[in-house]
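work_33.tsv follows (TSV, C-alpha atoms):
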chain	number	residue	atom	x	y	z
A	144	MET	CA	6.24	2.26	2.65
A	145	LEU	CA	4.14	0.25	0.24
A	146	LEU	CA	5.06	-2.91	2.12
A	147	ASN	CA	3.72	-1.49	5.38
A	148	GLU	CA	0.51	-0.26	3.75
A	149	LEU	CA	-0.17	-3.68	2.31
A	150	ALA	CA	0.72	-5.44	5.52
A	151	ASN	CA	-1.94	-3.34	7.23
A	152	LYS	CA	-4.46	-4.43	4.61
A	153	LYS	CA	-3.54	-8.07	5.29
A	154	LEU	CA	-2.44	-8.63	1.71
A	155	PHE	CA	1.08	-9.30	2.77
A	156	SER	CA	0.89	-13.06	3.09
A	157	THR	CA	-1.17	-13.64	-0.03
A	158	LYS	CA	0.35	-11.46	-2.69
A	159	ILE	CA	3.82	-10.28	-1.78
A	160	TYR	CA	6.68	-12.69	-2.31
A	161	THR	CA	10.40	-12.46	-1.79
A	162	SER	CA	12.46	-12.15	-4.91
A	163	LYS	CA	15.95	-13.56	-5.03
A	164	VAL	CA	16.76	-12.24	-8.47
A	165	LEU	CA	15.64	-8.60	-8.06
A	166	PRO	CA	18.32	-7.58	-5.51
A	167	LYS	CA	21.02	-9.27	-7.59
A	168	TYR	CA	19.73	-7.61	-10.73
A	169	ILE	CA	19.77	-4.15	-9.16
A	170	ASN	CA	23.14	-4.61	-7.46
A	171	GLN	CA	24.85	-5.89	-10.60
A	172	LEU	CA	23.43	-3.07	-12.70
A	173	LYS	CA	24.41	-0.42	-10.16
A	174	LYS	CA	28.06	-1.34	-10.69
A	175	ARG	CA	27.81	0.08	-14.19
A	176	GLY	CA	27.43	3.70	-15.19
A	177	ASN	CA	24.65	5.42	-17.15
A	178	ILE	CA	22.38	2.39	-16.90
A	179	LYS	CA	19.59	1.97	-19.41
A	180	ILE	CA	16.82	-0.53	-18.72
A	181	LEU	CA	13.94	-1.62	-20.92
A	182	ASP	CA	10.76	-2.87	-19.25
A	183	LEU	CA	8.65	-4.93	-21.64
A	184	GLY	CA	5.97	-5.83	-19.12
A	185	TYR	CA	2.73	-4.25	-17.95
A	186	VAL	CA	3.08	-0.47	-17.40
A	187	CYS	CA	3.33	-0.05	-13.66
A	188	GLY	CA	3.91	3.45	-12.28
A	189	LYS	CA	5.48	2.27	-9.03
A	190	ASN	CA	8.11	0.24	-10.89
A	191	ILE	CA	9.04	3.17	-13.08
A	192	GLU	CA	9.44	5.37	-10.01
A	193	PHE	CA	11.37	2.70	-8.15
A	194	MET	CA	13.83	2.02	-10.97
A	195	SER	CA	14.24	5.72	-11.69
A	196	ASN	CA	15.03	6.36	-8.05
A	197	GLN	CA	17.81	3.77	-8.32
A	198	GLY	CA	19.40	6.12	-10.84
A	199	PHE	CA	18.51	4.07	-13.92
A	200	ILE	CA	17.16	5.50	-17.16
A	201	ILE	CA	14.11	3.37	-17.74
A	202	TYR	CA	12.48	2.75	-21.10
A	203	ILE	CA	8.90	1.51	-21.13
A	204	GLU	CA	7.20	-0.55	-23.79
A	205	ASP	CA	4.27	-2.82	-23.00
A	206	TYR	CA	5.20	-5.34	-25.66
A	207	LEU	CA	2.09	-7.48	-25.33
A	208	ASN	CA	-0.26	-4.51	-25.60
A	209	SER	CA	1.61	-3.08	-28.58
A	210	LEU	CA	1.11	-6.23	-30.67
A	211	SER	CA	-1.67	-6.14	-33.20
A	212	VAL	CA	-3.72	-9.23	-33.76
A	213	LYS	CA	-4.48	-10.68	-37.16
A	214	LYS	CA	-7.43	-12.95	-37.75
A	215	ILE	CA	-6.76	-15.28	-40.65
A	216	ASP	CA	-9.68	-16.81	-42.45
A	217	SER	CA	-8.15	-19.93	-43.94
A	218	LYS	CA	-9.62	-22.14	-46.62
A	219	THR	CA	-11.16	-24.26	-43.94
A	220	LYS	CA	-13.09	-21.17	-42.88
A	221	LYS	CA	-11.47	-21.26	-39.49
A	222	PHE	CA	-10.44	-18.15	-37.67
A	223	GLU	CA	-6.90	-18.13	-36.38
A	224	TYR	CA	-5.46	-15.49	-34.16
A	225	VAL	CA	-1.91	-14.44	-34.95
A	226	TYR	CA	0.21	-11.76	-33.34
A	227	GLU	CA	2.17	-9.66	-35.78
A	228	PHE	CA	5.89	-9.96	-35.07
A	229	LYS	CA	7.15	-6.56	-34.00
A	230	SER	CA	10.79	-5.48	-34.14
A	231	PHE	CA	12.24	-2.92	-31.76
A	232	SER	CA	13.28	0.50	-32.97
A	233	TYR	CA	16.16	0.86	-30.51
A	234	PRO	CA	19.83	0.91	-31.58
A	235	SER	CA	21.80	-2.32	-31.24
A	236	ASN	CA	23.74	-2.97	-28.00
A	237	PHE	CA	21.77	-0.22	-26.26
A	238	PHE	CA	20.39	-1.60	-23.00
A	239	ASP	CA	22.23	-2.75	-19.88
A	240	GLY	CA	19.19	-4.63	-18.67
A	241	ILE	CA	15.84	-5.84	-19.95
A	242	ILE	CA	12.85	-6.92	-17.88
A	243	CYS	CA	10.49	-9.53	-19.36
A	244	TRP	CA	7.95	-10.29	-16.70
A	245	ASP	CA	5.16	-12.67	-17.57
A	246	LEU	CA	5.63	-12.12	-21.28
A	247	PHE	CA	6.81	-15.29	-23.00
A	248	ASP	CA	3.93	-17.30	-21.51
A	249	TYR	CA	1.50	-15.12	-23.47
A	250	LEU	CA	3.15	-15.50	-26.87
A	251	ASP	CA	2.76	-18.39	-29.25
A	252	ILE	CA	5.52	-20.99	-29.50
A	253	LYS	CA	7.21	-19.36	-32.53
A	254	HIS	CA	7.03	-15.84	-31.16
A	255	GLY	CA	9.13	-16.50	-28.03
A	256	PRO	CA	12.41	-17.45	-29.78
A	257	TRP	CA	11.86	-14.64	-32.29
A	258	LEU	CA	11.48	-12.11	-29.44
A	259	ILE	CA	14.65	-13.41	-27.77
A	260	ASN	CA	16.56	-12.82	-31.02
A	261	GLU	CA	15.24	-9.25	-31.08
A	262	ILE	CA	16.31	-8.79	-27.46
A	263	ILE	CA	19.81	-10.08	-28.23
A	264	LYS	CA	20.19	-7.33	-30.83
A	265	ILE	CA	19.39	-4.47	-28.46
A	266	ILE	CA	20.96	-5.70	-25.21
A	267	LYS	CA	24.63	-4.95	-24.54
A	268	GLN	CA	27.28	-7.62	-24.15
A	269	LYS	CA	27.07	-8.93	-20.57
A	270	GLY	CA	23.69	-7.21	-20.37
A	271	LEU	CA	21.22	-8.68	-17.86
A	272	LEU	CA	17.85	-10.17	-18.67
A	273	PHE	CA	15.29	-10.66	-15.88
A	274	CYS	CA	12.49	-13.04	-16.91
A	275	LEU	CA	9.51	-14.55	-15.15
A	276	PHE	CA	7.82	-17.75	-16.27
A	277	ASP	CA	4.71	-19.37	-14.87
A	278	THR	CA	5.20	-22.94	-13.68
A	279	LYS	CA	1.46	-23.64	-13.60
A	280	LYS	CA	-0.68	-24.22	-16.65
A	281	PRO	CA	-3.52	-21.69	-16.70
A	282	GLU	CA	-7.20	-22.44	-16.37
A	283	SER	CA	-8.93	-22.72	-19.72
A	284	LYS	CA	-10.75	-19.39	-19.55
A	285	LYS	CA	-8.15	-17.16	-18.02
A	286	LEU	CA	-8.69	-13.59	-19.07
A	287	THR	CA	-6.07	-11.91	-16.96
A	288	ARG	CA	-2.42	-11.05	-16.95
A	289	LYS	CA	-0.12	-10.33	-14.06
A	290	LYS	CA	0.71	-6.91	-12.78
A	291	ILE	CA	3.93	-7.19	-10.83
A	292	THR	CA	4.99	-4.30	-8.62
A	293	MET	CA	8.35	-3.74	-6.99
A	294	CYS	CA	7.73	-3.10	-3.29
A	295	ASP	CA	11.37	-2.74	-2.38
A	296	ASN	CA	14.75	-4.21	-3.34
A	297	SER	CA	13.68	-7.76	-2.59
A	298	HIS	CA	9.88	-8.04	-2.63
A	299	LEU	CA	7.42	-8.25	-5.51
A	300	LEU	CA	3.65	-7.77	-5.30
A	301	TYR	CA	1.69	-10.02	-7.67
A	302	ASP	CA	-1.69	-8.85	-8.87
A	303	GLU	CA	-3.99	-9.72	-11.76
A	304	VAL	CA	-5.48	-7.33	-14.31
A	305	LYS	CA	-8.01	-7.94	-17.08
A	306	PHE	CA	-6.48	-9.10	-20.34
A	307	HIS	CA	-7.75	-11.05	-23.31
A	308	ARG	CA	-5.34	-13.94	-23.49
A	309	ILE	CA	-4.97	-15.44	-26.94
A	310	PHE	CA	-2.00	-17.75	-26.52
A	311	TYR	CA	-0.39	-19.71	-23.82
A	312	THR	CA	3.00	-21.36	-24.03
A	313	PHE	CA	4.14	-23.44	-21.12
A	314	TYR	CA	7.90	-23.39	-20.60
A	315	GLU	CA	9.53	-26.19	-18.70
A	316	ASN	CA	13.11	-25.89	-17.46
A	317	ARG	CA	14.63	-27.42	-20.57
A	318	ASP	CA	12.52	-25.11	-22.76
A	319	ILE	CA	13.80	-22.08	-20.87
A	320	TYR	CA	17.42	-23.18	-21.27
A	321	LYS	CA	16.78	-23.76	-24.97
A	322	LEU	CA	15.12	-20.35	-25.32
A	323	LEU	CA	17.98	-18.60	-23.54
A	324	LYS	CA	20.78	-20.51	-25.28
A	325	ASP	CA	22.66	-17.28	-26.08
A	326	PHE	CA	22.56	-16.28	-22.44
A	327	ASN	CA	24.42	-17.46	-19.39
A	328	ILE	CA	21.85	-18.25	-16.71
A	329	LEU	CA	23.15	-16.76	-13.46
A	330	GLU	CA	20.25	-17.46	-11.14
A	331	THR	CA	16.95	-19.32	-11.07
A	332	PHE	CA	14.47	-19.08	-8.26
A	333	TYR	CA	11.08	-20.63	-7.68
A	334	VAL	CA	8.69	-18.18	-6.06
A	335	LYS	CA	6.09	-19.64	-3.68
A	336	ASN	CA	3.25	-18.56	-5.95
A	337	GLY	CA	4.51	-20.79	-8.73
A	338	MET	CA	6.51	-18.27	-10.72
A	339	ARG	CA	10.03	-18.99	-11.88
A	340	GLU	CA	12.53	-16.12	-11.75
A	341	ILE	CA	15.46	-16.22	-14.18
A	342	LEU	CA	18.47	-13.93	-14.28
A	343	ALA	CA	20.47	-14.34	-17.47
A	344	GLN	CA	23.49	-12.58	-18.90
A	345	LYS	CA	24.21	-12.17	-22.59
A	346	ILE	CA	27.23	-14.20	-23.63
A	347	ASN	CA	29.98	-12.20	-25.37
B	186	MET	CA	-15.75	41.24	15.96
B	187	TRP	CA	-12.12	40.75	17.05
B	188	LYS	CA	-12.10	37.12	16.16
B	189	LYS	CA	-9.08	36.30	14.18
B	190	GLU	CA	-9.48	34.22	11.12
B	191	LYS	CA	-7.67	30.99	11.68
B	192	GLN	CA	-4.95	30.44	9.16
B	193	GLU	CA	-4.44	26.99	7.78
B	194	VAL	CA	-0.95	25.82	8.53
B	195	LYS	CA	0.26	23.31	6.02
B	196	SER	CA	2.02	20.27	7.39
B	197	PRO	CA	5.26	19.31	5.71
B	198	VAL	CA	4.62	17.06	2.77
B	199	PHE	CA	7.33	14.66	1.74
B	200	SER	CA	7.30	13.68	-1.87
B	201	THR	CA	6.18	10.12	-2.47
B	202	GLY	CA	5.59	10.55	-6.16
B	203	VAL	CA	1.86	10.30	-5.53
B	204	PRO	CA	0.18	13.50	-6.64
B	205	SER	CA	-1.75	15.48	-4.06
B	206	LYS	CA	-5.40	16.47	-4.45
B	207	GLU	CA	-4.27	19.90	-5.62
B	208	GLU	CA	-2.53	18.31	-8.55
B	209	PHE	CA	-5.78	16.74	-9.73
B	210	ARG	CA	-7.80	19.98	-9.65
B	211	LYS	CA	-10.36	20.26	-12.38
B	212	PRO	CA	-9.92	23.05	-14.91
B	213	SER	CA	-13.31	24.54	-14.12
B	214	GLU	CA	-12.12	25.26	-10.59
B	215	GLU	CA	-9.34	27.46	-11.79
B	216	LYS	CA	-8.82	30.37	-14.07
B	217	MET	CA	-6.89	28.94	-16.95
B	218	ALA	CA	-6.58	29.30	-20.68
B	219	PHE	CA	-8.61	26.80	-22.64
B	220	VAL	CA	-8.12	25.20	-26.06
B	221	GLY	CA	-11.51	23.87	-27.12
B	222	LYS	CA	-12.37	20.65	-28.89
B	223	THR	CA	-12.53	22.15	-32.35
B	224	VAL	CA	-9.42	24.31	-32.01
B	225	ILE	CA	-6.23	23.30	-33.85
B	226	VAL	CA	-3.01	25.09	-32.99
B	227	LYS	CA	0.11	24.71	-35.15
B	228	GLY	CA	3.42	26.31	-34.22
B	229	GLU	CA	5.00	27.57	-31.00
B	230	LEU	CA	2.79	28.17	-28.01
B	231	SER	CA	4.08	30.04	-24.96
B	232	GLY	CA	2.57	31.98	-22.08
B	233	LYS	CA	2.44	32.66	-18.37
B	234	GLU	CA	-0.84	31.06	-17.41
B	235	ASP	CA	-2.10	27.53	-16.99
B	236	LEU	CA	-3.54	25.83	-20.03
B	237	TYR	CA	-6.22	23.19	-20.52
B	238	VAL	CA	-6.24	21.42	-23.89
B	239	GLU	CA	-9.22	19.57	-25.34
B	240	GLY	CA	-8.28	20.36	-28.92
B	241	SER	CA	-5.19	19.69	-30.97
B	242	ILE	CA	-1.72	21.23	-30.74
B	243	GLU	CA	1.23	20.61	-33.04
B	244	GLY	CA	4.66	22.18	-32.61
B	245	LYS	CA	6.22	23.36	-29.34
B	246	ILE	CA	4.74	24.32	-25.97
B	247	PHE	CA	6.60	26.54	-23.50
B	248	LEU	CA	4.82	27.08	-20.18
B	249	LYS	CA	7.85	26.90	-17.93
B	250	ASP	CA	6.18	28.35	-14.84
B	251	ASN	CA	2.72	26.92	-15.41
B	252	THR	CA	0.57	23.83	-15.56
B	253	LEU	CA	-0.60	22.08	-18.70
B	254	ILE	CA	-3.58	19.74	-18.56
B	255	ILE	CA	-4.42	17.57	-21.55
B	256	GLY	CA	-8.10	16.66	-21.42
B	257	PRO	CA	-9.45	13.24	-22.41
B	258	GLU	CA	-10.03	14.40	-25.98
B	259	GLY	CA	-6.91	16.52	-26.28
B	260	LYS	CA	-4.24	15.60	-28.82
B	261	VAL	CA	-0.79	17.08	-28.57
B	262	ASN	CA	2.02	16.40	-30.97
B	263	ALA	CA	4.72	18.65	-29.57
B	264	GLU	CA	7.84	19.11	-27.56
B	265	ILE	CA	6.63	20.29	-24.18
B	266	HIS	CA	8.41	22.44	-21.57
B	267	VAL	CA	6.23	23.02	-18.51
B	268	LYS	CA	6.26	23.20	-14.74
B	269	ARG	CA	3.74	20.43	-14.34
B	270	ILE	CA	1.64	18.41	-16.74
B	271	THR	CA	-1.35	16.11	-16.36
B	272	ILE	CA	-2.15	13.83	-19.29
B	273	ASN	CA	-5.65	12.46	-19.74
B	274	GLY	CA	-5.56	12.46	-23.54
B	275	SER	CA	-2.92	11.73	-26.13
B	276	VAL	CA	0.59	13.19	-26.27
B	277	ASN	CA	3.30	12.49	-28.80
B	278	GLY	CA	6.59	14.20	-27.97
B	279	ASN	CA	9.19	14.68	-25.28
B	280	ILE	CA	8.20	16.30	-21.99
B	281	HIS	CA	10.49	18.48	-19.89
B	282	ALA	CA	8.77	19.27	-16.58
B	283	SER	CA	10.44	21.15	-13.73
B	284	GLU	CA	8.02	19.74	-11.15
B	285	ILE	CA	5.91	16.69	-12.05
B	286	VAL	CA	4.49	14.63	-14.90
B	287	ILE	CA	1.20	12.86	-14.26
B	288	ILE	CA	-0.20	10.28	-16.69
B	289	ASN	CA	-3.68	9.14	-15.78
B	290	LYS	CA	-5.24	5.87	-16.90
B	291	THR	CA	-6.94	7.41	-19.92
B	292	GLY	CA	-3.70	9.15	-20.89
B	293	SER	CA	-1.33	8.09	-23.61
B	294	LEU	CA	2.25	9.23	-24.05
B	295	GLN	CA	4.73	8.37	-26.73
B	296	GLY	CA	7.91	10.22	-25.88
B	297	ASP	CA	10.57	10.71	-23.24
B	298	ILE	CA	10.04	12.25	-19.81
B	299	PHE	CA	12.57	14.52	-18.09
B	300	SER	CA	11.21	15.44	-14.67
B	301	PRO	CA	12.12	15.21	-10.97
B	302	ARG	CA	8.77	13.56	-10.13
B	303	ILE	CA	6.46	11.28	-12.04
B	304	SER	CA	3.13	9.61	-11.41
B	305	ILE	CA	2.04	7.06	-13.99
B	306	ALA	CA	-1.21	5.18	-13.58
B	307	ASP	CA	-0.97	1.41	-13.89
B	308	GLY	CA	-1.94	0.28	-17.35
B	309	ALA	CA	-1.55	3.75	-18.88
B	310	HIS	CA	-0.34	3.75	-22.47
B	311	PHE	CA	3.24	4.86	-22.34
B	312	LYS	CA	6.14	4.23	-24.67
B	313	GLY	CA	9.35	6.07	-23.99
B	314	SER	CA	11.99	6.64	-21.39
B	315	VAL	CA	12.00	8.29	-17.98
B	316	LYS	CA	14.92	10.32	-16.75
B	317	MET	CA	14.35	11.65	-13.25
B	318	GLU	CA	16.10	14.98	-12.94
B	319	LYS	CA	17.02	15.98	-9.42
B	320	ILE	CA	15.34	19.00	-7.86
B	321	ALA	CA	17.81	21.87	-7.42
B	322	CYS	CA	17.28	22.10	-3.66
B	323	SER	CA	15.69	19.09	-2.04
B	324	SER	CA	16.83	19.41	1.59
B	325	PRO	CA	14.22	18.44	4.18
B	326	PHE	CA	14.48	21.92	5.70
B	327	GLN	CA	13.07	23.43	2.52
B	328	LYS	CA	10.09	21.09	2.70
B	329	GLU	CA	9.35	22.21	6.25
B	330	ARG	CA	9.33	25.83	5.17
B	331	PRO	CA	5.55	26.21	4.83
B	332	ILE	CA	5.14	25.86	8.61
B	333	GLU	CA	7.80	28.44	9.35
B	334	GLU	CA	6.40	30.78	6.76
B	335	GLY	CA	2.91	30.22	8.13
B	336	LYS	CA	4.10	31.03	11.66
B	337	LYS	CA	5.85	34.18	10.44
B	338	GLU	CA	2.72	35.32	8.65
B	339	GLN	CA	0.67	34.62	11.80
B	340	LYS	CA	3.07	36.72	13.89
B	341	ILE	CA	2.86	39.59	11.40
B	342	GLU	CA	-0.94	39.45	11.52
B	343	GLU	CA	-0.88	39.37	15.33
B	344	LYS	CA	1.32	42.51	15.36
B	345	LYS	CA	-1.04	44.21	12.94
B	346	THR	CA	-4.06	43.49	15.13
B	347	LYS	CA	-2.20	44.78	18.23
B	348	ASN	CA	-1.39	48.02	16.41
B	349	ILE	CA	-5.05	48.47	15.54

Represent the supplied structure as structure tokens.
Amino acid sequence: MLLNELANKKLFSTKIYTSKVLPKYINQLKKRGNIKILDLGYVCGKNIEFMSNQGFIIYIEDYLNSLSVKKIDSKTKKFEYVYEFKSFSYPSNFFDGIICWDLFDYLDIKHGPWLINEIIKIIKQKGLLFCLFDTKKPESKKLTRKKITMCDNSHLLYDEVKFHRIFYTFYENRDIYKLLKDFNILETFYVKNGMREILAQKIN
Amino acid sequence: MWKKEKQEVKSPVFSTGVPSKEEFRKPSEEKMAFVGKTVIVKGELSGKEDLYVEGSIEGKIFLKDNTLIIGPEGKVNAEIHVKRITINGSVNGNIHASEIVIINKTGSLQGDIFSPRISIADGAHFKGSVKMEKIACSSPFQKERPIEEGKKEQKIEEKKTKNI
């Protein structure tokens, strides 16, 4: 439905891209029962509806928006922005799947591995992690973040919303493998718009 | 003189999760109970009429057959059982809705949703889980009922006018 609406508005070719990981992610999760998913990305109503209609229990937490920022006035009288590290309040081994879309790119270099360790605690064994990483370095004054909407089982709509970006960490392939060292990477896919889709499974 | 008033026949509406215009009605357009900005309610609140909240409520809310609207300045810290709810302000607590939960962009919810339909604005502040509960009878025939009912009512009116 959404796909047709957007096609009529001629946005189809510019913003909607095929996802190779999304159908696999949904199909693999559907094989399990009583599926719990945590979405750590931008709050998107359509995604919540879509995932709920698949029969999943979806938990929402906009991780980036929930972080508070500390300004540190050091001896050199320089202001430094620091995100406070925030642990999750969920029980351990709770989620069958976690979605981290366009999240690690926005955290500083120490925060990414720390977040992955937090994710490992709350995701079940053989739980699936769906991540997106940007393969392009951003322009210097980029004040947006991505809003990614599920159109159907295999298409994602990429949009930009206003956001004050403090950090940017660029992950190359080897960095991603290092970051996800406790996961088995099942699928990687380069989207035409320069995003890198990763499907990873927690190792026992 | 004998002109019949045309009845509006509703076309069948299939649920897309997107709320209709009726669901966004302003409180002033309807007769509904109102909790003002300076009002603070603590305890259990129940009733059989729609409620608009601009003040503060703490405890439990039971409006199982009615609508609850939280205004932009409303603050609710309660377990909520309603037919439908629209959140423009702040809510902290689990929501059980038999029809729909709507969170608008200015709305904030920290709690779990149990409802057959949801509509959450992009970028709304929401932390919690969503469990879509199936509607008891969701056959397409039931959704087409308004037309049939409308036709029946028309026929009854026609008979009445003939009798006159």

**Study point:** Nearby residues (only C-alpha atoms) at most 10 Å from Asn262 (chain B), same-chain spacing under 6 positions excluded, as a list of chain:residue names
**Key:**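 Skipping anything fewer than 6 positions along the chain leaves B:Lys227, B:Ser241, B:Ile242, B:Glu243, B:Gly244, B:Lys245, B:Ile246, B:Ser275, B:Val276, B:Asn277, B:Gly278, B:Asn279, B:Leu294, B:Gln295, B:Gly296.
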
Check your understanding: Any idea what the distance is between CA of Cys294 (chain A) and CA of Asp239 (chain A)?
Key ->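 One can read the CA of Cys294 (chain A) to CA of Asp239 (chain A) distance as 22.0 Å.
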
Can you check which parts of chain A lie within 12 Å of chain B? Per residue, the shortest pair of atoms and distance in Å to one decimal, counting only C-alpha atoms, sorted by chain and number, as a tab-separated table.
residue	atom	partner	partner_atom	distance
A:Met144	CA	B:Thr201	CA	9.4
A:Leu145	CA	B:Thr201	CA	10.4
A:Asn177	CA	B:Lys316	CA	10.9
A:Ile178	CA	B:Lys316	CA	10.9
A:Lys179	CA	B:Ser314	CA	9.1
A:Ile180	CA	B:Ser314	CA	9.0
A:Leu181	CA	B:Ser314	CA	8.5
A:Asp182	CA	B:Ser314	CA	9.8
A:Leu183	CA	B:Lys312	CA	10.0
A:Gly184	CA	B:Gly308	CA	10.2
A:Tyr185	CA	B:Gly308	CA	6.5
A:Val186	CA	B:Gly308	CA	5.1
A:Cys187	CA	B:Asp307	CA	4.5
A:Gly188	CA	B:Ile305	CA	4.4
A:Lys189	CA	B:Ile305	CA	7.7
A:Asn190	CA	B:Asp307	CA	9.6
A:Ile191	CA	B:Val315	CA	7.7
A:Glu192	CA	B:Ile303	CA	6.9
A:Phe193	CA	B:Gly202	CA	9.9
A:Met194	CA	B:Val315	CA	9.6
A:Ser195	CA	B:Met317	CA	6.1
A:Asn196	CA	B:Met317	CA	7.4
A:Gln197	CA	B:Met317	CA	9.9
A:Gly198	CA	B:Met317	CA	7.9
A:Phe199	CA	B:Lys316	CA	7.7
A:Ile200	CA	B:Lys316	CA	5.3
A:Ile201	CA	B:Ser314	CA	5.3
A:Tyr202	CA	B:Ser314	CA	3.9
A:Ile203	CA	B:Lys312	CA	5.2
A:Glu204	CA	B:Lys312	CA	5.0
A:Asp205	CA	B:Lys312	CA	7.5
A:Tyr206	CA	B:Lys312	CA	9.7
A:Leu207	CA	B:Gly308	CA	11.8
A:Asn208	CA	B:His310	CA	8.8
A:Ser209	CA	B:His310	CA	9.4
A:Phe231	CA	B:Lys312	CA	11.8
A:Ser232	CA	B:Gly313	CA	11.3
A:Tyr233	CA	B:Gly313	CA	10.8
A:Phe238	CA	B:Ser314	CA	11.9
A:Arg288	CA	B:Gly308	CA	11.3
A:Lys289	CA	B:Gly308	CA	11.3
A:Lys290	CA	B:Asp307	CA	8.6
A:Ile291	CA	B:Asp307	CA	10.4
A:Thr292	CA	B:Asp307	CA	9.8
A:Asp302	CA	B:Asp307	CA	11.4
A:Glu303	CA	B:Gly308	CA	11.6
A:Val304	CA	B:Gly308	CA	8.9
A:Lys305	CA	B:Gly308	CA	10.2
A:Phe306	CA	B:Gly308	CA	10.8

Check your understanding: Counting only C-alpha atoms, what is within 12 Å of region 313-315 of chain A, bar same-chain residues fewer than 2 positions away, as a ChimeraX atom specification?
Key -> /A:245-252,255-256,274-281,310-311,317-323,338-339

Check your understanding: How many Å separate CA of Asp235 (chain B) from CA of Ile285 (chain B)?
Key -> 14.4 Å
